[in-house]
Amino acid sequence: VARLPGEGGGVDNRVARLLGKIGGAAHALVDDGEGKSAYDDSAALWDPRARVSLDLTVSGGANGSAVRLTLWLDAMLPRAASLALTSPDRPSKVAAAEFLHAATLLMVGHNARAAAPRGGDYAREPTKFHHIYRRLFPVVIELAVDPEPVTRTLFSSLAYQLARWFTRNQAREAAETVALLDAITEGLAGGPTSDANNAAAERASGPTAQRRELCAKLAAECLKWS
């Protein structure tokens with residue numbers, strides 16, 4: 001191992017300590033070969049703290065006993081969302097969409113089993129999944145109008161289920177409900193276009209129109225169930 005003069009440890013130890021101090025953002029230092037950082041939205045955690053977990057019981061312990069494991073899914077969520085939205089490989093896209101769908105149901109189920117807030121109907125404290133929901137709900141809406149049929153079927157149903165579930169929340173103006181309404185409002189407004197001459201055409205047809213139509217129906221569903 002190469003050593004620098006006056007240093008008690010090798011170069012590899014110094015690099016390891018540096019990366020350890022940087023923590024979870026260390027991958028931002030890696031170059032993709034084209035002068036760009038490998039760090040992108042699919043690598044950024046939606047919440048700096050680990051929130052989404054799945055408890056598993058597997059065999060293989062001492063004397064054939066079962067072992068209880070906790071699988072953390074947070075690092076997989078942004079990558080799964082990126083694959084579900086943009087992957088050209090259909091099996092990968094569908095698998096990522098199914099994982100994201102299951103993870104969403106897992107989080108909603110965890111919150112449903114949680115104790116009611118002490119503030120009653122006026123409680124507005126966000127749940128532990130609030131930051132994840134902020135990033136997840138716009139993805140759900142995008143996937144609900146995806147051209148891939150399996151993905152569209154999964155998430156169009158999920159979008160309506162989420163609208164009904166969160167708008168009938170007993171807590172008035174709950175943070176998660178507001179996050180969903182924000183995503184619906186942004187979908188109604190439509191995304192920005194780079195060419196002003198094509199803006200009207202894009203609003204009238206294509207993914208933007210489909211997204212706006214879906215968000216209009218979701219807004220009506222929220223009013224119906226609130």
# chains A, B, ... in the order shown; residues from 1 in each chain; ligands from 1
call {"tool": "residues_around", "arguments": {"residues": "His110 (chain A)", "least_positions_apart": "2", "cutoff": "12 Å", "atoms": "only C-alpha atoms", "output": "PDB file with C-alpha atoms, in the first residue's frame"}}
result
ATOM      1  CA  ARG A  51     -38.270   5.510   6.575  1.00  0.00           C
ATOM      2  CA  VAL A  52     -39.617   2.649   4.478  1.00  0.00           C
ATOM      3  CA  SER A  53     -38.869  -0.830   5.769  1.00  0.00           C
ATOM      4  CA  LEU A  54     -40.139  -4.353   5.325  1.00  0.00           C
ATOM      5  CA  ALA A 103     -44.078   0.329  -1.741  1.00  0.00           C
ATOM      6  CA  THR A 104     -46.840   2.940  -1.905  1.00  0.00           C
ATOM      7  CA  LEU A 105     -49.383   0.506  -0.487  1.00  0.00           C
ATOM      8  CA  LEU A 106     -46.873  -0.472   2.209  1.00  0.00           C
ATOM      9  CA  MET A 107     -46.471   3.144   3.341  1.00  0.00           C
ATOM     10  CA  VAL A 108     -50.207   3.816   3.316  1.00  0.00           C
ATOM     11  CA  ALA A 112     -53.260   3.395   8.594  1.00  0.00           C
ATOM     12  CA  ARG A 113     -52.104   1.248  11.514  1.00  0.00           C
ATOM     13  CA  ALA A 114     -50.441   4.143  13.309  1.00  0.00           C
ATOM     14  CA  ALA A 115     -52.029   5.674  16.388  1.00  0.00           C
ATOM     15  CA  THR A 127     -46.301  11.461   9.222  1.00  0.00           C
ATOM     16  CA  LYS A 128     -42.847   9.980   8.796  1.00  0.00           C
ATOM     17  CA  PHE A 129     -43.505   9.413   5.074  1.00  0.00           C
TER      18      PHE A 129
END
call {"tool": "select_by_dssp", "arguments": {"residues": "region 45-170 of chain A", "states": "alpha helix (DSSP H)", "output": "ChimeraX atom specification"}}
result
/A:76-86,90-113,130-144,149-167
call {"tool": "write_last_selection", "arguments": {"atoms": "C-alpha atoms", "output": "short mmCIF file (atom, residue, chain, number, x, y, z; two decimals), in the first residue's frame"}}
result
data_model
loop_
_atom_site.label_atom_id
_atom_site.label_comp_id
_atom_site.auth_asym_id
_atom_site.auth_seq_id
_atom_site.Cartn_x
_atom_site.Cartn_y
_atom_site.Cartn_z
CA MET A 76 -34.56 1.87 -4.11
CA LEU A 77 -37.50 4.27 -4.43
CA PRO A 78 -35.86 7.03 -6.55
CA ARG A 79 -34.22 4.50 -8.85
CA ALA A 80 -37.46 2.54 -9.24
CA ALA A 81 -39.32 5.75 -10.08
CA SER A 82 -36.71 6.65 -12.70
CA LEU A 83 -36.92 3.20 -14.30
CA ALA A 84 -40.72 3.16 -14.24
CA LEU A 85 -40.84 6.56 -15.94
CA THR A 86 -38.03 6.34 -18.47
CA ARG A 90 -40.39 -3.04 -20.86
CA PRO A 91 -39.70 -5.83 -18.31
CA SER A 92 -37.53 -3.46 -16.26
CA LYS A 93 -40.12 -0.70 -16.51
CA VAL A 94 -42.98 -2.95 -15.42
CA ALA A 95 -40.98 -4.50 -12.58
CA ALA A 96 -40.01 -1.05 -11.28
CA ALA A 97 -43.62 0.11 -11.53
CA GLU A 98 -44.87 -2.93 -9.61
CA PHE A 99 -42.26 -2.33 -6.90
CA LEU A 100 -43.24 1.33 -6.62
CA HIS A 101 -46.92 0.38 -6.45
CA ALA A 102 -46.26 -2.14 -3.67
CA ALA A 103 -44.08 0.33 -1.74
CA THR A 104 -46.84 2.94 -1.90
CA LEU A 105 -49.38 0.51 -0.49
CA LEU A 106 -46.87 -0.47 2.21
CA MET A 107 -46.47 3.14 3.34
CA VAL A 108 -50.21 3.82 3.32
CA GLY A 109 -50.75 0.64 5.33
CA HIS A 110 -48.14 1.65 7.90
CA ASN A 111 -49.83 5.01 8.38
CA ALA A 112 -53.26 3.39 8.59
CA ARG A 113 -52.10 1.25 11.51
CA HIS A 130 -44.37 13.04 4.33
CA HIS A 131 -41.17 13.91 2.43
CA ILE A 132 -41.41 10.71 0.41
CA TYR A 133 -45.04 11.40 -0.49
CA ARG A 134 -44.04 14.84 -1.76
CA ARG A 135 -41.82 13.18 -4.36
CA LEU A 136 -43.98 10.11 -4.90
CA PHE A 137 -47.38 11.63 -5.71
CA PRO A 138 -46.24 13.44 -8.91
CA VAL A 139 -44.68 10.16 -10.07
CA VAL A 140 -47.94 8.31 -9.43
CA ILE A 141 -49.81 10.82 -11.59
CA GLU A 142 -47.25 10.54 -14.40
CA LEU A 143 -47.41 6.75 -14.36
CA ALA A 144 -51.22 6.83 -14.34
CA PRO A 149 -50.64 -0.60 -20.37
CA VAL A 150 -49.64 -2.50 -17.21
CA THR A 151 -48.14 0.59 -15.62
CA ARG A 152 -51.10 2.75 -16.59
CA THR A 153 -53.61 0.23 -15.21
CA LEU A 154 -51.78 -0.09 -11.89
CA PHE A 155 -51.34 3.60 -11.24
CA SER A 156 -54.58 4.96 -12.64
CA SER A 157 -56.42 2.83 -10.08
CA LEU A 158 -53.90 3.75 -7.38
CA ALA A 159 -54.31 7.48 -8.07
CA TYR A 160 -58.06 7.29 -7.42
CA GLN A 161 -57.53 5.15 -4.33
CA LEU A 162 -55.06 7.67 -2.92
CA ALA A 163 -57.40 10.56 -3.64
CA ARG A 164 -60.23 8.85 -1.77
CA TRP A 165 -58.05 7.72 1.12
CA PHE A 166 -56.29 10.99 1.84
CA THR A 167 -59.23 13.35 1.30
#
call {"tool": "atom_distance", "arguments": {"atom1": "CA of Arg17 (chain A)", "atom2": "CA of Pro48 (chain A)"}}
result
20.9 Å
call {"tool": "select_by_dssp", "arguments": {"residues": "region 31-193 of chain A", "states": "strand (DSSP E or B)", "output": "number ranges by chain"}}
result
A: 31, 37, 53-59, 66-72
call {"tool": "atom_distance", "arguments": {"atom1": "CA of Leu180 (chain A)", "atom2": "CA of Arg212 (chain A)"}}
result
14.7 Å
